[in-house]
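Next comes model-v2.cif, with mmCIF, C-alpha atoms.
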```cif
data_target
#
loop_
_atom_site.group_PDB
_atom_site.id
_atom_site.type_symbol
_atom_site.label_atom_id
_atom_site.label_comp_id
_atom_site.auth_asym_id
_atom_site.auth_seq_id
_atom_site.Cartn_x
_atom_site.Cartn_y
_atom_site.Cartn_z
ATOM 1 C CA ILE N 1 104.315 83.850 100.473
ATOM 2 C CA LYS N 2 108.077 83.784 99.977
ATOM 3 C CA SER N 3 108.012 80.071 99.045
ATOM 4 C CA LEU N 4 105.149 80.623 96.619
ATOM 5 C CA LEU N 5 107.087 83.425 94.942
ATOM 6 C CA GLU N 6 110.240 81.325 94.836
ATOM 7 C CA ARG N 7 108.410 78.444 93.134
ATOM 8 C CA LYS N 8 106.499 80.651 90.725
ATOM 9 C CA PHE N 9 109.209 83.142 89.707
ATOM 10 C CA ARG N 10 112.563 81.396 90.039
ATOM 11 C CA THR N 11 114.209 80.880 86.660
ATOM 12 C CA PRO N 12 117.520 79.217 85.728
ATOM 13 C CA LYS N 13 118.941 82.749 85.402
ATOM 14 C CA GLY N 14 117.748 83.772 88.886
ATOM 15 C CA TRP N 15 114.775 85.680 90.224
ATOM 16 C CA ASN N 16 112.313 87.481 88.039
ATOM 17 C CA ILE N 17 111.973 90.146 90.700
ATOM 18 C CA PHE N 18 109.934 92.573 88.620
ATOM 19 C CA ARG N 19 107.300 89.954 87.778
ATOM 20 C CA MET N 20 107.192 88.987 91.452
ATOM 21 C CA ARG N 21 106.518 92.568 92.451
ATOM 22 C CA GLU N 22 103.870 93.017 89.788
ATOM 23 C CA TYR N 23 102.188 89.807 90.936
ATOM 24 C CA LEU N 24 102.121 90.967 94.566
ATOM 25 C CA ALA N 25 100.843 94.435 93.646
ATOM 26 C CA SER N 26 98.122 93.189 91.314
ATOM 27 C CA GLN N 27 96.876 90.060 93.081
ATOM 28 C CA HIS N 28 96.581 91.107 96.697
ATOM 29 C CA ASP N 29 94.225 93.781 98.016
ATOM 30 C CA GLY N 30 96.007 96.458 99.999
ATOM 31 C CA VAL N 31 99.388 95.651 98.489
ATOM 32 C CA GLY N 32 100.601 98.351 96.151
ATOM 33 C CA TRP N 33 103.935 98.842 94.450
ATOM 34 C CA LYS N 34 105.681 100.277 97.519
ATOM 35 C CA VAL N 35 104.516 97.500 99.857
ATOM 36 C CA ALA N 36 105.382 94.817 97.293
ATOM 37 C CA SER N 37 108.883 96.286 96.902
ATOM 38 C CA GLN N 38 109.301 96.519 100.663
ATOM 39 C CA PHE N 39 108.166 92.932 101.191
ATOM 40 C CA LEU N 40 110.611 91.605 98.594
ATOM 41 C CA ARG N 41 113.500 93.518 100.134
ATOM 42 C CA ASN N 42 112.537 92.514 103.681
ATOM 43 C CA VAL N 43 112.494 88.803 102.861
ATOM 44 C CA GLY N 44 115.865 89.114 101.123
ATOM 45 C CA ILE N 45 114.695 88.503 97.578
ATOM 46 C CA GLY N 46 114.652 92.104 96.362
ATOM 47 C CA LEU N 47 117.978 93.391 97.660
ATOM 48 C CA GLY N 48 120.242 94.866 95.019
ATOM 49 C CA TYR N 49 117.595 95.117 92.289
ATOM 50 C CA GLY N 50 116.957 98.858 92.553
ATOM 51 C CA LEU N 51 113.461 98.609 94.003
ATOM 52 C CA ALA N 52 112.354 101.935 95.445
ATOM 53 C CA LEU N 53 110.083 102.445 98.439
ATOM 54 C CA LEU N 54 108.372 105.602 97.242
ATOM 55 C CA ASP N 55 106.481 106.994 100.216
ATOM 56 C CA ARG N 56 105.686 110.697 100.610
ATOM 57 C CA HIS N 57 109.010 111.415 102.373
ATOM 58 C CA ILE N 58 111.014 109.995 99.487
ATOM 59 C CA GLN N 59 108.826 111.698 96.886
ATOM 60 C CA ARG N 60 109.232 115.087 98.599
ATOM 61 C CA GLU N 61 112.990 114.779 98.395
ATOM 62 C CA LEU N 62 112.858 113.669 94.765
ATOM 63 C CA GLU N 63 110.688 116.696 94.030
ATOM 64 C CA LYS N 64 113.007 119.014 96.006
ATOM 65 C CA PHE N 65 116.042 117.782 94.029
ATOM 66 C CA GLY N 66 114.173 118.152 90.717
ATOM 67 C CA TYR N 67 113.917 114.441 89.893
ATOM 68 C CA ILE N 68 110.092 114.314 89.852
ATOM 69 C CA PRO N 69 107.529 117.018 89.029
ATOM 70 C CA LYS N 70 105.202 116.471 92.006
ATOM 71 C CA VAL N 71 104.356 114.293 94.989
ATOM 72 C CA VAL N 72 101.475 111.924 94.281
ATOM 73 C CA PRO N 73 99.826 110.197 97.277
ATOM 74 C CA ALA N 74 98.593 107.135 95.368
ATOM 75 C CA LEU N 75 100.983 106.103 92.623
ATOM 76 C CA ASN N 76 99.588 103.935 89.840
ATOM 77 C CA LYS N 77 101.863 101.403 88.138
ATOM 78 C CA ARG N 78 102.984 103.724 85.342
ATOM 79 C CA ARG N 79 103.847 106.596 87.683
ATOM 80 C CA TYR N 80 105.441 104.339 90.295
ATOM 81 C CA LEU N 81 107.780 102.846 87.708
ATOM 82 C CA GLU N 82 108.534 106.295 86.274
ATOM 83 C CA TYR N 83 109.342 107.709 89.729
ATOM 84 C CA GLU N 84 111.390 104.621 90.539
ATOM 85 C CA ARG N 85 113.498 105.260 87.418
ATOM 86 C CA ARG N 86 114.009 108.829 88.628
ATOM 87 C CA MET N 87 115.057 107.518 92.053
ATOM 88 C CA GLN N 88 117.539 105.215 90.283
ATOM 89 C CA ASP N 89 118.898 108.326 88.519
ATOM 90 C CA LEU N 90 119.388 110.029 91.899
ATOM 91 C CA ALA N 91 121.107 106.901 93.253
ATOM 92 C CA ARG N 92 123.434 106.821 90.250
ATOM 93 C CA ASP N 93 124.114 110.569 90.401
ATOM 94 C CA SER N 94 124.828 110.493 94.148
ATOM 95 C CA GLY N 95 126.836 107.258 94.093
ATOM 96 C CA ILE N 96 124.599 105.782 96.818
ATOM 97 C CA PRO N 97 123.065 102.350 96.152
ATOM 98 C CA MET N 98 119.268 102.422 95.849
ATOM 99 C CA ASP N 99 118.759 100.080 98.820
ATOM 100 C CA ASP N 100 120.655 102.554 101.003
ATOM 101 C CA LEU N 101 119.419 105.788 99.451
ATOM 102 C CA ASP N 102 115.741 105.457 100.318
ATOM 103 C CA LEU N 103 116.664 104.411 103.876
ATOM 104 C CA LEU N 104 118.956 107.431 104.155
ATOM 105 C CA ILE N 105 116.308 109.856 102.874
ATOM 106 C CA TRP N 106 113.523 108.288 104.919
ATOM 107 C CA SER N 107 115.517 108.260 108.166
ATOM 108 C CA ASN N 108 116.692 111.831 107.579
ATOM 109 C CA LYS N 109 113.082 113.015 107.203
ATOM 110 C CA THR N 110 111.507 110.891 109.962
ATOM 111 C CA GLY N 111 114.374 110.655 112.447
ATOM 112 C CA LYS N 112 113.944 106.847 112.491
ATOM 113 C CA ILE N 113 116.181 104.084 111.233
ATOM 114 C CA MET N 114 114.373 100.832 110.517
ATOM 115 C CA LYS N 115 116.073 98.123 108.527
#
```
Starting from the coordinates I provided, produce the structure as structure tokens.
Amino acid sequence: IKSLLERKFRTPKGWNIFRMREYLASQHDGVGWKVASQFLRNVGIGLGYGLALLDRHIQRELEKFGYIPKVVPALNKRRYLEYERRMQDLARDSGIPMDDLDLLIWSNKTGKIMK
């Protein structure tokens, strides 16, 4: 899958990471926005692009800090991208890079560190 994405979405200016993620989320059953973001980060393509992994643990913290209005179990594209922008706001406001912030929140809530 990584090679297919590299061939299809590599441009002279670099990766078109957001089109890659949209492709993964729209073309493959069972792959939503969170899983697509996680896949891209795990294979090393999506690091440093501000892709959020918005599971319920992350959403609860965003809601607690006032960055989102409510936790939504199944985020559609519009809401996922909106909540991701809010997560980017929290990352900017806290001074913690997005790639580290969701891991920090997730591990704090679950007691697990997986990276």
I need the output of the PyMOL selection byres ((chain N and resi 24) around 12) for this file as a tab-separated table (two decimals) with C-alpha atoms, in the frame of the given file; which residues are they?
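Final file, out26.tsv:
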```tsv
chain	number	residue	atom	x	y	z
N	1	ILE	CA	104.32	83.85	100.47
N	2	LYS	CA	108.08	83.78	99.98
N	4	LEU	CA	105.15	80.62	96.62
N	5	LEU	CA	107.09	83.42	94.94
N	8	LYS	CA	106.50	80.65	90.72
N	9	PHE	CA	109.21	83.14	89.71
N	17	ILE	CA	111.97	90.15	90.70
N	18	PHE	CA	109.93	92.57	88.62
N	19	ARG	CA	107.30	89.95	87.78
N	20	MET	CA	107.19	88.99	91.45
N	21	ARG	CA	106.52	92.57	92.45
N	22	GLU	CA	103.87	93.02	89.79
N	23	TYR	CA	102.19	89.81	90.94
N	25	ALA	CA	100.84	94.44	93.65
N	26	SER	CA	98.12	93.19	91.31
N	27	GLN	CA	96.88	90.06	93.08
N	28	HIS	CA	96.58	91.11	96.70
N	29	ASP	CA	94.22	93.78	98.02
N	30	GLY	CA	96.01	96.46	100.00
N	31	VAL	CA	99.39	95.65	98.49
N	32	GLY	CA	100.60	98.35	96.15
N	33	TRP	CA	103.94	98.84	94.45
N	34	LYS	CA	105.68	100.28	97.52
N	35	VAL	CA	104.52	97.50	99.86
N	36	ALA	CA	105.38	94.82	97.29
N	37	SER	CA	108.88	96.29	96.90
N	38	GLN	CA	109.30	96.52	100.66
N	39	PHE	CA	108.17	92.93	101.19
N	40	LEU	CA	110.61	91.60	98.59
```
- Query: Pick the closest to Ile58 in chain N from N:Lys13, N:Lys109, N:Arg92, N:Arg79: which is it, counting all atoms listed in the file?
  - Reply: N:Lys109
- Task: Enumerate, as a ChimeraX atom specification, the residues matched when the PyMOL selection byres ((chain N and resi 86) around 12) is run on the file above.
- Result: /N:50-52,54,58-59,61-63,65-69,79-85,87-93,98
- Using all atoms listed in the file, the best pick from N:Tyr49, N:Val71, N:Thr110, N:Thr11 as closest to Pro97 in chain N would be N:Tyr49
- Task: Please measure the separation of CA of Ser107 in chain N and CA of Leu47 in chain N, giving the value in Å to one decimal.
- Result: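 Result for CA of Ser107 in chain N versus CA of Leu47 in chain N: 18.4 Å, one decimal.
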- Distance of CA of Pro12 in chain N from CA of Arg41 in chain N, expressed in Å to one decimal place: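 Between CA of Arg41 in chain N and CA of Pro12 in chain N the gap works out to 20.7 Å.
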- Message: Let me make sure I understand: among N:Asn42, N:Ile105, N:Lys77, N:Asp100, which one has the smallest atom-to-atom distance to Asp55 in chain N if we use only C-alpha atoms?
- Response: N:Ile105
- Report the distance between CA of Pro73 in chain N and CA of Arg56 in chain N in Å, rounded to one decimal place. 6.8 Å
Just need the box for range 2-15 of chain N, edges along x, y and z, holding every atom the file lists for it with 8 Å tacked onto each side, so centre and edge lengths in Å to one decimal, as JSON.
```
{"center_x": 112.0, "center_y": 82.1, "center_z": 92.7, "size_x": 29.8, "size_y": 23.2, "size_z": 30.6}
```
- Looking at only C-alpha atoms, which of N:Gly48, N:Lys112, N:Val43, N:His57 is the one that sits closest to Asp99 in chain N?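 The closest residue to Asp99 in chain N is N:Gly48.
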- Item | Pick from N:Arg10, N:Trp15, N:Ser3, N:Leu53 nearest to Leu104 in chain N, counting all atoms listed in the file |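 Smallest separation from Leu104 in chain N among the options: N:Leu53.
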Can you give me N, CA, C and O atoms for range 37-54 of chain N, written as a compact mmCIF listing (two decimals), in the frame of the given file?
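Dumped to part-v6.txt:
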```txt
# COMPACT_ATOMS: atom_id res chain seq x y z
N SER N 37 107.43 96.09 96.93
CA SER N 37 108.88 96.29 96.90
C SER N 37 109.47 96.08 98.28
O SER N 37 110.51 95.42 98.45
N GLN N 38 108.81 96.63 99.29
CA GLN N 38 109.30 96.52 100.66
C GLN N 38 109.29 95.06 101.13
O GLN N 38 110.25 94.59 101.74
N PHE N 39 108.24 94.35 100.82
CA PHE N 39 108.17 92.93 101.19
C PHE N 39 109.33 92.15 100.57
O PHE N 39 110.02 91.39 101.25
N LEU N 40 109.55 92.35 99.28
CA LEU N 40 110.61 91.60 98.59
C LEU N 40 111.98 91.92 99.18
O LEU N 40 112.81 91.03 99.35
N ARG N 41 112.22 93.18 99.51
CA ARG N 41 113.50 93.52 100.13
C ARG N 41 113.59 92.94 101.54
O ARG N 41 114.63 92.44 101.94
N ASN N 42 112.50 92.99 102.29
CA ASN N 42 112.54 92.51 103.68
C ASN N 42 112.76 91.01 103.79
O ASN N 42 113.33 90.55 104.77
N VAL N 43 112.28 90.26 102.81
CA VAL N 43 112.49 88.80 102.86
C VAL N 43 113.80 88.40 102.16
O VAL N 43 114.09 87.23 102.05
N GLY N 44 114.55 89.39 101.69
CA GLY N 44 115.86 89.11 101.12
C GLY N 44 115.88 88.77 99.65
O GLY N 44 116.93 88.47 99.11
N ILE N 45 114.74 88.82 99.01
CA ILE N 45 114.70 88.50 97.58
C ILE N 45 115.03 89.74 96.76
O ILE N 45 115.72 89.66 95.75
N GLY N 46 114.56 90.91 97.19
CA GLY N 46 114.65 92.10 96.36
C GLY N 46 115.86 92.98 96.59
O GLY N 46 115.95 94.06 96.02
N LEU N 47 116.80 92.56 97.41
CA LEU N 47 117.98 93.39 97.66
C LEU N 47 118.85 93.47 96.42
O LEU N 47 119.07 92.48 95.74
N GLY N 48 119.32 94.67 96.12
CA GLY N 48 120.24 94.87 95.02
C GLY N 48 119.60 94.98 93.64
O GLY N 48 120.29 95.04 92.64
N TYR N 49 118.28 95.02 93.58
CA TYR N 49 117.60 95.12 92.29
C TYR N 49 117.13 96.53 91.96
O TYR N 49 116.52 96.76 90.94
N GLY N 50 117.37 97.48 92.83
CA GLY N 50 116.96 98.86 92.55
C GLY N 50 115.48 99.09 92.76
O GLY N 50 114.88 99.91 92.07
N LEU N 51 114.87 98.38 93.70
CA LEU N 51 113.46 98.61 94.00
C LEU N 51 113.35 99.79 94.96
O LEU N 51 114.01 99.81 96.00
N ALA N 52 112.52 100.75 94.60
CA ALA N 52 112.35 101.94 95.44
C ALA N 52 111.14 101.78 96.34
O ALA N 52 110.15 101.16 95.97
N LEU N 53 111.21 102.38 97.52
CA LEU N 53 110.08 102.44 98.44
C LEU N 53 109.61 103.90 98.44
O LEU N 53 110.07 104.71 99.23
N LEU N 54 108.72 104.21 97.52
CA LEU N 54 108.37 105.60 97.24
C LEU N 54 107.22 106.11 98.11
O LEU N 54 106.12 106.32 97.62
```
